[in-house]
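Okay, structure.txt is below, compact mmCIF, C-alpha atoms:
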# COMPACT_ATOMS: atom_id res chain seq x y z
CA MET A 127 0.00 0.00 0.00
CA LYS A 128 2.80 2.41 0.83
CA GLN A 129 4.47 1.64 -2.50
CA ARG A 130 1.28 2.38 -4.49
CA GLY A 131 0.78 5.57 -2.51
CA ARG A 132 4.28 6.69 -3.34
CA HIS A 133 3.65 5.99 -7.04
CA ARG A 134 0.46 8.07 -6.91
CA ARG A 135 2.36 10.96 -5.34
CA GLN A 136 5.09 10.67 -7.98
CA LYS A 137 2.50 10.69 -10.79
CA ARG A 138 0.74 13.65 -9.21
CA GLY A 139 4.08 15.43 -8.87
CA ARG A 140 4.90 14.83 -12.55
CA ALA A 141 1.46 16.05 -13.56
CA LEU A 142 1.83 19.17 -11.45
CA ARG A 143 5.27 19.94 -12.93
CA ALA A 144 3.87 19.48 -16.43
CA PHE A 145 0.99 21.80 -15.56
CA LEU A 146 3.36 24.46 -14.25
CA ALA A 147 5.54 24.10 -17.34
CA GLY A 148 2.46 24.75 -19.48
CA THR A 149 1.63 27.75 -17.32
CA ALA A 150 5.14 29.09 -17.82
CA ILE A 151 4.76 28.82 -21.60
CA ALA A 152 1.45 30.68 -21.42
CA LEU A 153 2.96 33.39 -19.24
CA THR A 154 5.89 33.76 -21.63
CA ALA A 155 3.44 34.27 -24.47
CA ALA A 156 1.58 36.83 -22.38
CA ALA A 157 4.85 38.66 -21.75
CA THR A 158 5.03 39.54 -25.44
CA MET A 159 1.99 41.74 -24.86
CA ILE A 160 3.75 43.90 -22.26
CA SER A 161 3.96 47.53 -23.31
CA ALA A 162 7.20 49.07 -24.51
CA SER A 163 7.26 51.35 -21.47
CA GLN A 164 7.08 48.34 -19.18
CA ALA A 165 9.75 46.56 -21.21
CA THR A 166 12.26 49.36 -20.73
CA VAL A 167 11.60 49.97 -17.04
CA ALA A 168 14.43 49.82 -14.51
CA ALA A 169 17.62 50.67 -16.37
CA ASN A 170 20.54 48.55 -15.25
CA PRO A 171 21.44 49.64 -11.69
CA GLY A 172 25.09 48.59 -12.09
CA THR A 173 27.12 47.36 -9.11
CA LEU A 174 26.62 47.69 -5.38
CA LYS A 175 28.53 50.42 -3.56
CA ALA A 176 29.98 49.42 -0.19
CA LEU A 177 29.07 51.62 2.79
CA THR A 178 31.94 51.49 5.26
CA SER A 179 32.13 54.72 7.26
CA ALA A 180 30.57 55.08 10.71
CA ALA A 181 28.48 57.96 9.36
CA GLU A 182 26.98 55.55 6.83
CA THR A 183 26.50 52.49 9.06
CA ASP A 184 25.71 53.91 12.52
CA PRO A 185 22.20 55.07 11.50
CA LEU A 186 21.40 51.43 10.67
CA ARG A 187 21.99 50.27 14.25
CA LEU A 188 19.08 48.82 16.22
CA ARG A 189 18.64 48.92 20.00
CA GLU A 190 17.43 45.67 21.57
CA SER A 191 14.63 45.72 24.13
CA GLN A 192 13.09 42.69 25.86
CA VAL A 193 9.62 42.29 27.34
CA PRO A 194 10.06 41.73 31.11
CA GLN A 195 9.91 38.05 32.01
CA GLY A 196 7.32 38.86 34.67
CA SER A 197 4.95 40.21 32.03
CA LEU A 198 5.30 37.07 29.90
CA ASP A 199 4.80 34.84 32.94
CA ARG A 200 1.70 36.79 33.99
CA LEU A 201 0.20 36.42 30.50
CA SER A 202 0.88 32.69 30.28
CA SER A 203 -0.44 32.19 33.82
CA SER A 204 -3.76 33.69 32.71
CA MET A 205 -3.93 32.09 29.26
CA GLY A 206 -2.48 28.66 30.05
CA ARG A 207 0.78 26.87 29.41
CA PRO A 208 2.40 27.98 26.11
CA VAL A 209 2.80 25.42 23.33
CA GLY A 210 5.12 25.06 20.33
CA VAL A 211 4.86 24.78 16.57
CA SER A 212 3.81 21.12 16.50
CA ALA A 213 0.62 21.86 18.47
CA VAL A 214 -0.33 24.53 15.93
CA LEU A 215 0.34 22.17 13.01
CA ASP A 216 -1.75 19.46 14.66
CA SER A 217 -4.70 21.87 14.70
CA ALA A 218 -4.40 22.77 11.00
CA ASP A 219 -7.95 22.87 9.63
CA ARG A 220 -7.52 24.76 6.35
CA SER A 221 -5.96 23.77 3.03
CA LEU A 222 -4.24 25.52 0.15
CA ARG A 223 -5.09 24.67 -3.44
CA ASP A 224 -2.24 23.42 -5.61
CA ALA A 225 -1.53 25.00 -9.00
CA THR A 226 -4.13 22.90 -10.78
CA GLY A 227 -6.79 24.42 -8.52
CA CYS A 228 -5.62 28.03 -8.91
CA THR A 229 -7.55 30.35 -11.19
CA ALA A 230 -6.01 31.78 -14.34
CA GLY A 231 -5.88 35.16 -12.63
CA GLU A 232 -4.03 33.73 -9.65
CA ARG A 233 -1.52 31.94 -11.87
CA ARG A 234 -0.73 35.24 -13.61
CA ALA A 235 1.01 36.26 -10.36
CA LEU A 236 3.66 33.59 -10.97
CA PRO A 237 7.04 34.57 -12.48
CA VAL A 238 7.32 34.36 -16.24
CA ALA A 239 10.99 33.39 -16.08
CA PRO A 240 12.31 31.39 -14.43
CA ALA A 241 9.25 29.21 -13.97
CA ALA A 242 7.92 28.16 -10.58
CA THR A 243 8.28 24.47 -9.77
CA ALA A 244 5.62 24.55 -7.04
CA ALA A 245 2.62 26.81 -6.64
CA TYR A 246 -0.36 27.01 -4.30
CA CYS A 247 -3.26 29.40 -3.81
CA TRP A 248 -4.94 30.66 -0.66
CA ASP A 249 -8.67 30.50 -0.09
CA THR A 250 -10.36 33.73 -1.19
CA ALA A 251 -12.81 33.91 1.71
CA ASP A 252 -10.13 33.10 4.28
CA THR A 253 -7.86 35.94 3.11
CA ARG A 254 -10.41 38.58 2.10
CA SER A 255 -9.42 42.06 3.40
CA TRP A 256 -5.92 40.75 4.28
CA ARG A 257 -2.75 41.50 2.33
CA ALA A 258 -0.08 38.85 1.73
CA GLY A 259 3.35 39.62 3.17
CA ALA A 260 6.57 37.80 3.94
CA VAL A 261 7.43 34.09 3.87
CA THR A 262 9.94 32.12 5.94
CA THR A 263 10.41 28.39 6.46
CA SER A 264 11.87 25.73 8.72
CA GLY A 265 14.78 25.86 6.26
CA ASP A 266 15.59 29.21 7.88
CA ALA A 267 14.86 27.96 11.38
CA ASP A 268 17.24 25.01 11.52
CA ASP A 269 20.16 23.85 9.40
CA ASP A 270 18.55 20.48 8.69
CA GLY A 271 15.51 22.18 7.18
CA LEU A 272 13.13 20.71 9.77
CA TRP A 273 11.55 21.97 12.96
CA GLY A 274 11.52 18.81 15.03
CA THR A 275 10.24 16.33 12.47
CA ASN A 276 8.19 18.82 10.46
CA ARG A 277 8.72 20.82 7.30
CA VAL A 278 7.01 24.15 7.88
CA ILE A 279 6.24 27.28 5.87
CA LEU A 280 5.17 30.50 7.61
CA SER A 281 3.13 33.01 5.60
CA ALA A 282 2.41 36.50 6.97
CA TRP A 283 -0.77 38.48 6.28
CA SER A 284 -1.68 41.99 7.42
CA ARG A 285 -4.79 44.13 7.61
CA THR A 286 -4.43 47.88 7.39
CA GLY A 287 -5.89 50.32 9.88
CA THR A 288 -5.33 51.13 13.53
CA THR A 289 -6.19 49.33 16.72
CA ALA A 290 -8.64 52.12 17.50
CA ASN A 291 -10.91 51.16 14.59
CA GLY A 292 -10.42 47.40 14.84
CA GLY A 293 -7.79 47.19 12.10
CA GLY A 294 -4.03 47.11 12.01
CA LEU A 295 -3.65 43.38 12.62
CA ALA A 296 -1.02 40.89 11.50
CA ARG A 297 -1.28 37.10 11.47
CA VAL A 298 0.81 34.18 10.29
CA ALA A 299 -0.33 30.96 8.66
CA PHE A 300 1.61 28.00 10.09
CA VAL A 301 1.68 25.67 7.08
CA ASP A 302 2.32 21.93 7.45
CA ALA A 303 4.55 21.23 4.42
CA ASP A 304 5.40 17.59 5.18
CA ASN A 305 3.26 16.58 2.19
CA LEU A 306 3.82 19.07 -0.63
CA ASN A 307 0.81 17.62 -2.44
CA ARG A 308 -1.47 18.78 0.38
CA LEU A 309 -0.55 21.86 2.40
CA THR A 310 -2.67 22.53 5.49
CA TYR A 311 -2.45 25.44 7.90
CA SER A 312 -3.74 27.23 10.99
CA TRP A 313 -3.76 30.96 11.80
CA VAL A 314 -1.68 32.54 14.58
CA LEU A 315 -2.25 36.20 15.52
CA LEU A 316 0.85 38.30 16.21
CA ALA A 317 0.38 40.28 19.42
CA VAL A 318 2.19 42.64 21.77
CA PRO A 319 1.77 42.28 25.58
CA VAL A 320 0.38 45.38 27.34
CA ASP A 321 -0.43 46.40 30.92
CA GLY A 322 2.37 44.32 32.37
CA GLY A 323 1.16 41.12 30.70
CA ARG A 324 -2.45 41.48 31.83
CA ASP A 325 -3.59 41.88 28.21
CA TYR A 326 -2.30 42.04 24.63
CA ARG A 327 -3.00 44.06 21.51
CA GLY A 328 -2.59 43.19 17.86
CA LEU A 329 0.63 44.05 16.05
CA VAL A 330 0.06 47.12 13.87
CA SER A 331 2.31 46.40 10.93
CA GLN A 332 2.48 45.40 7.30
CA VAL A 333 4.70 42.32 7.69
CA SER A 334 6.80 42.80 4.58
CA GLY A 335 9.76 41.05 6.21
CA MET A 336 9.90 37.95 8.41
CA VAL A 337 12.66 35.48 9.35
CA TRP A 338 12.38 32.39 11.55
CA TYR A 339 15.80 31.62 13.03
CA GLN A 340 16.28 29.00 15.73
CA ASN A 341 13.42 29.50 18.20
CA LYS A 342 12.76 33.16 17.31
CA LEU A 343 10.60 34.83 14.69
CA LEU A 344 11.65 38.35 13.66
CA VAL A 345 9.09 40.49 11.81
CA THR A 346 9.11 44.02 10.43
CA ALA A 347 7.19 46.56 12.48
CA SER A 348 6.30 49.36 10.08
CA GLY A 349 3.61 51.57 11.56
CA ASP A 350 4.14 50.39 15.14
CA GLY A 351 5.89 53.35 16.75
CA GLY A 352 9.68 53.44 16.98
CA ASP A 353 10.10 49.68 16.82
CA ALA A 354 11.79 48.39 13.67
CA LEU A 355 11.47 44.65 14.38
CA TYR A 356 9.44 42.57 16.82
CA VAL A 357 10.75 39.30 18.22
CA TYR A 358 8.56 36.26 18.93
CA ASP A 359 9.43 33.03 20.72
CA MET A 360 8.16 30.02 18.77
CA ASN A 361 7.86 28.05 22.01
CA ARG A 362 5.47 30.59 23.55
CA VAL A 363 2.35 30.15 21.40
CA GLN A 364 -0.83 30.73 23.42
CA ARG A 365 -4.30 29.33 22.74
CA ALA A 366 -7.23 31.68 22.12
CA THR A 367 -10.30 30.54 24.05
CA VAL A 368 -12.99 32.82 22.59
CA ASP A 369 -13.86 32.91 18.88
CA SER A 370 -14.69 36.55 18.11
CA SER A 371 -13.51 39.50 16.06
CA LEU A 372 -12.03 41.13 19.17
CA VAL A 373 -8.38 41.01 20.25
CA GLY A 374 -7.15 40.49 23.79
CA LYS A 375 -8.88 39.76 27.07
CA VAL A 376 -12.65 39.53 26.65
CA ARG A 377 -15.62 38.23 28.58
CA GLY A 378 -15.06 34.51 29.02
CA GLY A 379 -11.37 34.37 28.08
CA TRP A 380 -9.04 35.50 25.30
CA SER A 381 -9.79 36.37 21.67
CA ALA A 382 -7.52 36.61 18.60
CA ASN A 383 -9.79 37.98 15.86
CA GLY A 384 -10.92 34.47 14.92
CA ALA A 385 -7.50 32.82 15.02
CA GLN A 386 -7.00 29.72 17.16
CA TRP A 387 -3.63 30.87 18.45
CA VAL A 388 -1.77 33.97 19.68
CA LEU A 389 1.96 34.66 19.58
CA PRO A 390 2.93 37.46 22.03
CA ALA A 391 6.12 39.42 21.38
CA VAL A 392 9.06 38.81 23.72
CA GLY A 393 11.18 41.71 22.52
CA SER A 394 11.86 44.29 19.84
CA TYR A 395 14.60 46.21 18.07
CA ARG A 396 14.14 49.98 17.96
CA LEU A 397 15.38 52.56 15.48
CA THR A 398 18.03 55.07 16.47
CA SER A 399 17.23 58.79 16.55
CA GLU A 400 20.11 59.58 14.20
CA ALA A 401 19.60 61.31 10.88
CA GLY A 402 19.40 58.75 8.11
CA ALA A 403 18.06 55.97 10.35
CA ALA A 404 16.50 53.27 8.17
CA ARG A 405 13.61 51.01 9.06
CA PRO A 406 14.14 47.49 7.66
CA ASP A 407 11.30 46.94 5.19
CA TYR A 408 12.34 43.51 3.88
CA LEU A 409 14.21 40.64 5.54
CA SER A 410 15.79 37.28 4.72
CA LEU A 411 18.29 34.86 6.24
CA ASP A 412 21.76 34.22 4.83
CA ARG A 413 23.28 30.89 5.93
CA SER A 414 26.32 31.33 3.66
CA THR A 415 27.93 33.82 6.07
CA ALA A 416 29.78 33.06 9.30
CA PRO A 417 27.95 33.57 11.57
CA ASP A 418 24.51 33.32 9.95
CA SER A 419 23.13 36.79 9.28
CA LEU A 420 19.88 38.69 9.01
CA VAL A 421 19.65 40.52 5.68
CA ALA A 422 17.63 43.74 5.46
CA SER A 423 16.73 46.38 2.89
CA GLU A 424 14.70 49.57 2.75
CA TRP A 425 12.12 50.53 0.18
CA VAL A 426 12.93 53.61 -1.90
CA SER A 427 10.57 55.00 -4.51
CA GLY A 428 11.58 54.30 -8.08
CA ASP A 429 10.60 57.85 -9.08
CA GLY A 430 13.82 59.57 -7.95
CA ASP A 431 17.57 59.11 -7.93
CA THR A 432 17.90 58.20 -4.23
CA ALA A 433 19.90 55.00 -3.72
CA GLY A 434 18.46 52.27 -1.54
CA ARG A 435 20.43 50.55 1.22
CA LEU A 436 21.05 46.84 1.83
CA TRP A 437 22.70 45.58 4.97
CA ARG A 438 23.11 42.63 7.33
CA TYR A 439 23.32 41.95 11.08
CA ASP A 440 25.11 38.95 12.56
CA PHE A 441 23.12 36.57 14.71
CA SER A 442 24.40 35.95 18.23
CA GLY A 443 26.47 32.84 18.93
CA ASP A 444 25.60 32.92 22.64
CA PRO A 445 23.52 29.80 23.50
CA GLY A 446 21.57 31.91 25.98
CA ARG A 447 20.55 34.30 23.16
CA SER A 448 19.33 31.83 20.56
CA GLY A 449 17.69 33.50 17.59
CA LEU A 450 18.66 37.03 18.66
CA LEU A 451 21.00 39.45 16.94
CA ALA A 452 24.55 39.98 18.16
CA THR A 453 24.70 43.15 20.25
CA ASP A 454 27.45 45.31 21.76
CA THR A 455 27.75 46.30 25.42
CA GLY A 456 25.24 49.11 24.83
CA GLY A 457 22.61 46.70 23.55
CA TYR A 458 22.95 47.76 19.91
CA ALA A 459 22.87 45.41 16.95
CA ARG A 460 25.51 46.82 14.60
CA VAL A 461 25.73 46.43 10.85
CA ALA A 462 28.13 43.73 9.67
CA GLU A 463 28.02 44.79 6.01
CA ALA A 464 26.14 47.47 4.07
CA TYR A 465 25.72 48.59 0.46
CA ALA A 466 23.91 51.19 -1.60
CA THR A 467 21.98 50.11 -4.69
CA LYS A 468 20.57 52.09 -7.58
CA ALA A 469 17.84 49.47 -8.03
CA SER A 470 15.27 51.94 -6.71
CA GLY A 471 11.77 50.72 -6.09
CA SER A 472 13.21 47.43 -4.88
CA GLY A 473 11.21 45.15 -2.66
CA PRO A 474 12.27 41.73 -1.35
CA VAL A 475 15.94 41.03 -0.72
CA LEU A 476 17.99 37.84 -0.58
CA SER A 477 21.72 37.36 -0.12
CA TYR A 478 23.64 34.12 -0.66
CA ASP A 479 27.29 33.43 -1.50
CA SER A 480 28.06 37.17 -1.86
CA GLN A 481 25.27 37.63 -4.41
CA TRP A 482 22.34 39.94 -3.66
CA TYR A 483 18.92 39.37 -5.24
CA LEU A 484 16.48 42.29 -5.31
CA GLY A 485 12.87 42.16 -6.40
CA ARG A 486 11.45 45.27 -8.05
CA ALA A 487 7.69 45.68 -8.03
CA ALA A 488 5.71 46.13 -11.23
CA GLU A 489 4.94 49.74 -12.16
CA THR A 490 1.35 48.85 -12.95
CA GLU A 491 -0.86 46.60 -10.85
CA GLY A 492 -1.25 43.21 -12.48
CA ASP A 493 2.02 43.43 -14.42
CA HIS A 494 5.20 41.53 -13.64
CA GLY A 495 8.18 42.89 -11.73
CA THR A 496 11.93 42.44 -12.09
CA LEU A 497 14.42 40.35 -10.11
CA TRP A 498 17.94 41.79 -10.16
CA ARG A 499 21.14 40.05 -9.07
CA GLN A 500 23.87 42.42 -7.90
CA ASN A 501 27.26 42.35 -6.23
CA GLY A 502 30.10 44.80 -5.74
CA SER A 503 32.12 43.94 -8.81
CA THR A 504 29.92 42.96 -11.79
CA PRO A 505 26.96 44.83 -13.32
CA ALA A 506 23.47 43.77 -12.25
CA LYS A 507 21.65 41.11 -14.23
CA ALA A 508 17.97 40.29 -14.67
CA ALA A 509 16.18 37.61 -16.66
CA ARG A 510 14.67 38.60 -20.01
CA CYS A 511 11.47 37.16 -21.42
CA GLY A 512 8.92 37.63 -24.19
CA ALA A 513 9.42 38.65 -27.79
CA ASP A 514 10.57 42.13 -26.75
CA GLU A 515 13.10 40.76 -24.23
CA THR A 516 11.56 42.66 -21.34
CA ARG A 517 13.13 42.37 -17.89
CA SER A 518 9.64 42.31 -16.34
CA CYS A 519 9.70 38.57 -15.75
CA TRP A 520 9.29 38.22 -11.97
CA SER A 521 6.16 38.22 -9.85
CA GLY A 522 4.71 41.69 -9.57
CA GLU A 523 3.74 41.95 -5.90
CA SER A 524 6.09 39.66 -3.97
CA GLU A 525 7.44 41.04 -0.68
CA SER A 526 9.69 38.17 0.32
CA LEU A 527 12.49 35.92 -0.89
CA SER A 528 13.25 33.01 1.44
CA TYR A 529 15.95 30.51 0.46
CA TRP A 530 15.45 26.94 1.72
CA GLU A 531 19.09 25.88 1.53
CA GLN A 532 18.41 22.15 2.02
CA THR A 533 16.12 21.95 -1.03
CA GLY A 534 17.62 24.74 -3.13
CA ASP A 535 14.26 26.51 -3.48
CA VAL A 536 13.43 30.20 -3.09
CA TRP A 537 9.92 30.69 -1.65
CA SER A 538 7.82 33.78 -2.17
CA GLN A 539 4.19 34.79 -2.51
CA SER A 540 2.26 37.30 -4.55
CA GLY A 541 -1.35 38.07 -3.78
CA ARG A 542 -3.04 34.75 -3.01
CA THR A 543 -0.30 32.71 -4.74
CA LEU A 544 2.50 30.97 -2.81
CA PHE A 545 5.29 29.61 -4.99
CA ALA A 546 8.82 28.19 -5.13
CA VAL A 547 11.57 28.63 -7.72
CA PRO A 548 14.98 26.87 -7.53
CA LEU A 549 17.81 29.34 -6.91
CA ALA A 550 19.79 27.47 -9.56
CA SER A 551 17.04 28.27 -12.09
CA ILE A 552 17.16 31.94 -11.11
CA ASP A 553 20.93 32.03 -11.67
CA ARG A 554 20.64 30.21 -15.02
CA SER A 555 18.00 32.68 -16.20
CA LEU A 556 20.46 35.52 -15.57
CA GLY A 557 23.00 34.07 -18.01

Turn the structure described in the file into structure tokens.
Amino acid sequence: MKQRGRHRRQKRGRALRAFLAGTAIALTAAATMISASQATVAANPGTLKALTSAAETDPLRLRESQVPQGSLDRLSSSMGRPVGVSAVLDSADRSLRDATGCTAGERRALPVAPAATAAYCWDTADTRSWRAGAVTTSGDADDDGLWGTNRVILSAWSRTGTTANGGGLARVAFVDADNLNRLTYSWVLLAVPVDGGRDYRGLVSQVSGMVWYQNKLLVTASGDGGDALYVYDMNRVQRATVDSSLVGKVRGGWSANGAQWVLPAVGSYRLTSEAGAARPDYLSLDRSTAPDSLVASEWVSGDGDTAGRLWRYDFSGDPGRSGLLATDTGGYARVAEAYATKASGSGPVLSYDSQWYLGRAAETEGDHGTLWRQNGSTPAKAARCGADETRSCWSGESESLSYWEQTGDVWSQSGRTLFAVPLASIDRSLG
């Protein structure tokens, strides 16, 4: 029985790859219809310029702050013993559709070149009024690619607004990826403890960047005061006991806007008050450095000549600070490496083996974007596609590039489409 089941999965996998290959051909044909203005967008940004002076790197420092242990203990005492990732995966009660179940409109979000080798789509009703954000995986979390015995994908979603009008929430889908033919997931609300751990509020942020490293989850905190990043402990997931649209302590227990689970922040990294301070807008993990590093970039409008900045922080090697950034005696996480790029309008960032990959959003909604590869010595490269050899070959709305080193795949999502592309395919497409 196991043998026949494996053969069915192999046949389904071959069918899915053939389907995606057909989709790629269709998308390539569609690329020939892209306007000339779209085809010439984003002139070559050249090479990266190293930023080495203290005046250039000091504004990129972040100051670490931790939620008092007493506040976390008070919250868990009221809500119940925290659980870990496996408990969330065991409760997964929702499913993604694979590429064969995605609509033609959803598949148009996939890259034209290189082609995705795996693609899934989120349920429309389950994600209505929420915006897709960053992706990270158990390939980031642990060097064997697993969290315990599980393969896991985390997908962030945000809802705009403020806590005053019931908006401004962020949640993460914990996706069980053990069986790539059937992805299931459960929602976890990102929260921030308040009132000394007697309550919590929702995180007010568009989660455009997110990295799961060891037992910590780091997420971007745009729109949430002076905090640049929030830190979450993956072993401190709390169960919501009341199913309602409210957030926090309510009559009869605890509510998480309909999610089954809550993840309260355990710390944050704050911006400096220096001129030129940059809020990290996009994040990824680089396992090719020693030590492993958190890669960050800022968004700069493509309308002007202002260069964007890319930089990295080292992770701490202290066993008592697992998943946290390395800090100096003043509690600052300092930049380990920084560059300026002329690839303005850039979005997601990835660094691996001294190469930097930068996604540039489409100029027009519904069009495709560009994926540049840059370093400090050779001019930038981007794939070309369609009859007019446009560089607009990447997904148009992706906000994340997450490299799963053990499988060689780069994961991203655009709109309601989650997809993977081998890094080797990306490099081959660049010539």

Nearest to Ser221 of chain A by atom-to-atom distance, counting only C-alpha atoms, from A:Arg207, A:Arg308, A:Arg234, A:Arg200
A:Arg308

Atom CA of Ala239 of chain A and atom CA of Gly259 of chain A are how many Å apart?
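These two atoms are separated by 21.6 Å.
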
Contact residues around segment 347-360 of chain A with only C-alpha atoms at 6 Å, ignoring same-chain residues under 2 positions, as a list in words:
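After dropping sequence-adjacent residues, the list is Val330, Ser331, Asn341, Lys342, Leu343, Leu344, Val345, Arg362, Ala391, Val392, Gly393, Ser394, Tyr395, Arg396, Leu397 and Arg405 of chain A.
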
Find the residue from A:Asp407, A:Asp219, A:Glu232, A:Asp199 that sits nearest to Gln332 of chain A; use only C-alpha atoms when measuring.
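Closest to Gln332 of chain A, using only C-alpha atoms: A:Asp407.
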
Which residues come within 10 Å of Val261 of chain A, counting all atoms listed in the file, excluding same-chain residues fewer than 5 positions away, as a PyMOL selection string?
chain A and resi 279-283+298-299+333-338+409-410+524-529+536-539+544

Radius query 7 Å about (6.6, 36.4, -7.4), atoms used: all atoms listed in the file, as a VMD selection string
chain A and resid 235 to 237 520 to 524 538 to 540

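Here the question is which of A:Ala245, A:Arg254, A:Met205, A:Ser312 gets nearest to Ser381 of chain A using only C-alpha atoms, and that residue is A:Met205.
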
Segment 456-523 of chain A near segment 548-551 of chain A within 12 Å: what's each residue's closest atom pair and its distance in Å to one decimal, counting only C-alpha atoms, ordered by chain then ascending residue number, as JSON lines?
{"residue": "A:Leu476", "atom": "CA", "partner": "A:Leu549", "partner_atom": "CA", "distance": 10.6}
{"residue": "A:Ser477", "atom": "CA", "partner": "A:Leu549", "partner_atom": "CA", "distance": 11.2}
{"residue": "A:Tyr478", "atom": "CA", "partner": "A:Leu549", "partner_atom": "CA", "distance": 9.8}
{"residue": "A:Asp479", "atom": "CA", "partner": "A:Leu549", "partner_atom": "CA", "distance": 11.7}
{"residue": "A:Gln481", "atom": "CA", "partner": "A:Leu549", "partner_atom": "CA", "distance": 11.4}
{"residue": "A:Trp482", "atom": "CA", "partner": "A:Leu549", "partner_atom": "CA", "distance": 12.0}
{"residue": "A:Tyr483", "atom": "CA", "partner": "A:Leu549", "partner_atom": "CA", "distance": 10.2}
{"residue": "A:Leu497", "atom": "CA", "partner": "A:Leu549", "partner_atom": "CA", "distance": 12.0}
{"residue": "A:Arg499", "atom": "CA", "partner": "A:Leu549", "partner_atom": "CA", "distance": 11.4}
{"residue": "A:Ala509", "atom": "CA", "partner": "A:Ser551", "partner_atom": "CA", "distance": 10.4}

Two-atom distance - atom CA of Asp224 of chain A, atom CA of Val238 of chain A (Å)
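These atoms are spaced 18.0 Å apart.
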
Have a look at atom CA of Trp387 of chain A and atom CA of Pro474 of chain A and let me know their distance in Å, one decimal.
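Pair atom CA of Trp387 of chain A / atom CA of Pro474 of chain A returns 27.6 Å.
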